[in-house]
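Below: the structure, in structure tokens.
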Amino acid sequence: MLEICEYSELGDPELIADWDALDATHCMGTLFTTRMWIGLWTEHFGSGLSVAAVLGHESGRAVGLAPLLTTAAHELVLPVNFLSPRGEFIVGEDDARGFVRAVLTNARTAGSPLRLQGVPVGSPTLAAIESEAGGAGYLVHAKPARVSPFIAIEGAWDGYFEGKPRKVTHEWERKMRRLEKAGDVRVLRFEGGMDARKLTDDFIAVEERSWKKRAGTSITARGVSGFYHRLSAALAAKGEFDPFWLEIDGRVVAFLYGAVQRGTYYAMKTSYDEESSRLSPGVRLFHEAVSSAFGAGLARFDFLGERAPWKDEWANGWLEHVNVRLYPDTVSGRAAHLFDSQVKPLARRARGAGKKSR
């Protein structure tokens, strides 16, 4: 029989022990559901949120964890934002329906709506929500969110590269040849014993010289330098920190901030300084990182963020995400569901039609 327990503190010893056991199960969860990641995320972005994690046990073993947080409006959410792009429960396919049903039933008893952002299409979490929400007393409204490119790594690097359109690979090769003429060009990779904090500072300095500074989306502009410093140290301690960076004549001009976990390379952030933009340093940087992922026998290279033409050139797969809202099946919940699922889309279409007719 499935039993669930709700925790209001991430530091609870029982929660820690079972979460670590689930983290060690390679078939479940992602980097963004690990205790390390969510612990850091809540410290930096959890102001106004309360922990409401739900853990499920069956036959003496942990079978699932919903890393939920409660807002001031008593809405249950996942720790998802511009830095944490993917949200889901830690649960395997065999246990997903029972666990999700129990989580939703528990939330419904409290009368809590749920707003789950960035849930991957095809994940056990989404499939279970779609099948179990009605029985647990919820109405569901799912909206398309981001589409993230990725590379499913199969076979050898040479086969992958040769399978790309010749027009694309020719352009990559042309840009890499031009870059080599700019000076002493080297692509470096983090190794144990290196100073993760200093390297993170180097990356932050690159962003200060990039277009992201002007756009207000750089690490410092968003006030997340501390998060990246702590994340770098935590990943390095676990042997999962795996950034690449490109130097020209000893100066860092581009970087890829990444980590490897459970057979996936997570390309979390990349940038280059504007002075080197004409040299397209990103092509050489990703050529090195992707080929290394093939060489290491990883299963996936995940670009995480939104689609972009340059990412699509590398990708051979695209992961869709949805934002899911669950409304208690009450008079007020039905009204909110109707407004969000029908009234708002109609209003948007009407505004769009009005603009076209002008």
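Just remember, in the structure tokens the first chain shown is A, the second B, etc., residues are 1-based per chain, and ligands are 1-based in the order shown.
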
Strand (DSSP E or B) residues, from DSSP on the backbone, in stretch 161-291 of chain A, as a PyMOL selection string: chain A and resi 185-189+241+244-248+251-261+264-272

Residues flagged helix (DSSP H, G or I) by DSSP in stretch 125-342 of chain A, as a PyMOL selection string: chain A and resi 125-132+157-163+166-180+196-208+211-215+225-237+274-279+281-295+309-314+331-342

Residue neighbourhood A:Ser8, 8 Å, only C-alpha atoms, exclusion window fewer than 2 positions, as a PyMOL selection string: chain A and resi 6+10+50-53

Written selection (C-alpha atoms) as a compact mmCIF listing (two decimals), in the first residue's frame:
# COMPACT_ATOMS: atom_id res chain seq x y z
CA GLU A 6 4.62 15.74 3.46
CA LEU A 10 14.36 20.19 3.01
CA SER A 50 7.26 27.29 1.65
CA VAL A 51 8.48 23.72 1.21
CA ALA A 52 5.68 21.17 0.71
CA ALA A 53 7.61 18.16 -0.60

All residues 9 Å or closer to A:Phe294, only C-alpha atoms, same chain fewer than 5 positions away omitted, as a PyMOL selection string: chain A and resi 153-157+289+299-301

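For the choices A:Asp201, A:Asp95, A:Glu240, A:Glu207, the atom-to-atom distance to A:Val253 is smallest for A:Glu207 when using only C-alpha atoms.
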
For stretch 236-315 of chain A versus stretch 29-47 of chain A, which residues have an atom no more than 9 Å away, and what is each residue's nearest atom pair and distance in Å rounded to one decimal, using only C-alpha atoms, chain-then-number order, as a Markdown table?
| residue | atom | partner | partner_atom | distance |
| --- | --- | --- | --- | --- |
| A:Ala259 | CA | A:Leu31 | CA | 8.7 |
| A:Val260 | CA | A:Leu31 | CA | 8.7 |
| A:Gln261 | CA | A:Leu31 | CA | 6.7 |
| A:Arg262 | CA | A:Thr30 | CA | 7.8 |
| A:Thr264 | CA | A:Thr30 | CA | 8.9 |
| A:Tyr266 | CA | A:Leu31 | CA | 8.2 |

Please save N, CA and C atoms of the selected residues as a PDB file, in the first residue's frame.
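The resulting file, part_18.pdb, is reproduced below:
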ATOM      1  N   ALA A 259      27.218  20.489 -17.192  1.00  0.00           N
ATOM      2  CA  ALA A 259      27.392  19.427 -16.200  1.00  0.00           C
ATOM      3  C   ALA A 259      26.975  18.112 -16.835  1.00  0.00           C
ATOM      4  N   VAL A 260      27.558  17.036 -16.330  1.00  0.00           N
ATOM      5  CA  VAL A 260      27.211  15.693 -16.792  1.00  0.00           C
ATOM      6  C   VAL A 260      26.600  14.921 -15.642  1.00  0.00           C
ATOM      7  N   GLN A 261      25.427  14.360 -15.898  1.00  0.00           N
ATOM      8  CA  GLN A 261      24.791  13.535 -14.882  1.00  0.00           C
ATOM      9  C   GLN A 261      23.900  12.507 -15.558  1.00  0.00           C
ATOM     10  N   ARG A 262      23.984  11.269 -15.080  1.00  0.00           N
ATOM     11  CA  ARG A 262      23.114  10.183 -15.561  1.00  0.00           C
ATOM     12  C   ARG A 262      23.133  10.053 -17.077  1.00  0.00           C
ATOM     13  N   THR A 264      23.731  12.285 -19.341  1.00  0.00           N
ATOM     14  CA  THR A 264      23.309  13.465 -20.101  1.00  0.00           C
ATOM     15  C   THR A 264      24.256  14.623 -19.848  1.00  0.00           C
ATOM     16  N   TYR A 266      24.292  18.474 -19.744  1.00  0.00           N
ATOM     17  CA  TYR A 266      23.379  19.597 -19.644  1.00  0.00           C
ATOM     18  C   TYR A 266      24.128  20.880 -19.995  1.00  0.00           C
TER      19      TYR A 266
END

Within 8 Å of stretch 271-276 of chain A, which residues of stretch 142-251 of chain A come that close, and what is the closest atom pair and distance in Å for each? Count only C-alpha atoms and give it as a tab-separated table.
residue	atom	partner	partner_atom	distance
A:Val206	CA	A:Asp273	CA	5.5
A:Glu207	CA	A:Ser271	CA	6.2
A:Glu208	CA	A:Asp273	CA	7.8
A:Arg209	CA	A:Asp273	CA	4.8
A:Ser210	CA	A:Asp273	CA	4.3
A:Trp211	CA	A:Glu274	CA	6.5

Could those selected residues go to a file with N, CA and C atoms, as an mmCIF file, in the first residue's frame?
data_model
loop_
_atom_site.group_PDB
_atom_site.id
_atom_site.type_symbol
_atom_site.label_atom_id
_atom_site.label_comp_id
_atom_site.auth_asym_id
_atom_site.auth_seq_id
_atom_site.Cartn_x
_atom_site.Cartn_y
_atom_site.Cartn_z
ATOM 1 N N VAL A 206 33.165 37.205 -19.040
ATOM 2 C CA VAL A 206 32.815 37.111 -20.462
ATOM 3 C C VAL A 206 31.413 37.663 -20.690
ATOM 4 N N GLU A 207 30.478 37.298 -19.827
ATOM 5 C CA GLU A 207 29.102 37.791 -19.987
ATOM 6 C C GLU A 207 29.021 39.307 -19.863
ATOM 7 N N GLU A 208 29.897 39.878 -19.040
ATOM 8 C CA GLU A 208 29.912 41.329 -18.901
ATOM 9 C C GLU A 208 30.370 42.007 -20.191
ATOM 10 N N ARG A 209 31.025 41.253 -21.050
ATOM 11 C CA ARG A 209 31.479 41.795 -22.341
ATOM 12 C C ARG A 209 30.599 41.313 -23.495
ATOM 13 N N SER A 210 29.464 40.705 -23.173
ATOM 14 C CA SER A 210 28.601 40.131 -24.205
ATOM 15 C C SER A 210 27.335 40.963 -24.398
ATOM 16 N N TRP A 211 26.551 40.586 -25.407
ATOM 17 C CA TRP A 211 25.285 41.271 -25.671
ATOM 18 C C TRP A 211 24.291 41.077 -24.526
#

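Distances from A:Lys143, A:His74, A:Arg101, A:Arg186 to A:Val324 were compared using only C-alpha atoms, and the smallest one belongs to A:Lys143.
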
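Atom pair atom CA of A:Asp94 / atom CA of A:Ala62 has a distance of 13.0 Å (rounded to one decimal).
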
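Between A:Arg189 and the residues A:Leu346, A:Leu114, A:Ala73, A:Leu285, the shortest atom-to-atom distance, using only C-alpha atoms, involves A:Leu285.
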
Residue nearest A:Tyr257 - candidates A:Thr200, A:Thr105, A:Ser148, A:Ser59, atoms counted: only C-alpha atoms: A:Thr200

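Of the residues under consideration (A:Leu69, A:Ile151, A:Ala293, A:Met268), A:Ile151 shows the shortest atom-to-atom contact distance to A:Glu313 when counting only C-alpha atoms.
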
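Taking only C-alpha atoms into account, A:Asp302 lies nearest to A:Pro149 out of the set A:Asp249, A:Pro149, A:Asp340, A:Leu65.
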
Residue contacts of A:Pro120 (8 Å, only C-alpha atoms) excluding same-chain residues fewer than 3 positions away, as a PyMOL selection string: chain A and resi 86-88+123+126+319-322

Store the residues picked out above, limited to N, CA and C atoms, as an mmCIF file, in the first residue's frame.
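Below you can see again.cif, which holds the result:
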data_model
loop_
_atom_site.group_PDB
_atom_site.id
_atom_site.type_symbol
_atom_site.label_atom_id
_atom_site.label_comp_id
_atom_site.auth_asym_id
_atom_site.auth_seq_id
_atom_site.Cartn_x
_atom_site.Cartn_y
_atom_site.Cartn_z
ATOM 1 N N ARG A 86 13.106 22.934 -16.178
ATOM 2 C CA ARG A 86 12.343 21.689 -16.320
ATOM 3 C C ARG A 86 11.801 21.259 -14.969
ATOM 4 N N GLY A 87 10.524 20.913 -14.904
ATOM 5 C CA GLY A 87 9.927 20.511 -13.636
ATOM 6 C C GLY A 87 9.182 19.195 -13.757
ATOM 7 N N GLU A 88 9.423 18.316 -12.825
ATOM 8 C CA GLU A 88 8.704 17.045 -12.795
ATOM 9 C C GLU A 88 8.909 16.387 -11.449
ATOM 10 N N SER A 123 6.868 12.514 -20.188
ATOM 11 C CA SER A 123 7.409 12.133 -18.885
ATOM 12 C C SER A 123 6.365 11.350 -18.097
ATOM 13 N N LEU A 126 3.773 13.786 -16.400
ATOM 14 C CA LEU A 126 2.677 14.335 -17.194
ATOM 15 C C LEU A 126 1.651 13.260 -17.541
ATOM 16 N N LEU A 319 12.545 18.298 -27.396
ATOM 17 C CA LEU A 319 11.700 17.911 -26.267
ATOM 18 C C LEU A 319 10.700 19.021 -25.973
ATOM 19 N N GLU A 320 9.424 18.687 -26.083
ATOM 20 C CA GLU A 320 8.371 19.651 -25.791
ATOM 21 C C GLU A 320 8.079 19.671 -24.291
ATOM 22 N N HIS A 321 7.725 20.856 -23.802
ATOM 23 C CA HIS A 321 7.327 21.026 -22.405
ATOM 24 C C HIS A 321 5.961 21.699 -22.375
ATOM 25 N N VAL A 322 5.242 21.467 -21.295
ATOM 26 C CA VAL A 322 3.951 22.130 -21.108
ATOM 27 C C VAL A 322 3.900 22.738 -19.705
#

Spatial neighbours of A:Cys5, 12 Å, only C-alpha atoms, chain gap at least 5 places, as number ranges by chain: A: 12, 14-15, 18, 52-58, 62-66, 99, 102-103, 106-107

Non-local contacts of A:Leu116 (7 Å; only C-alpha atoms; under 2 positions in same chain excluded) as a ChimeraX atom specification: /A:77-78,114,118-119,323-325

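You will find atom CA of A:Glu288 at 25.8 Å from atom CA of A:Arg230.
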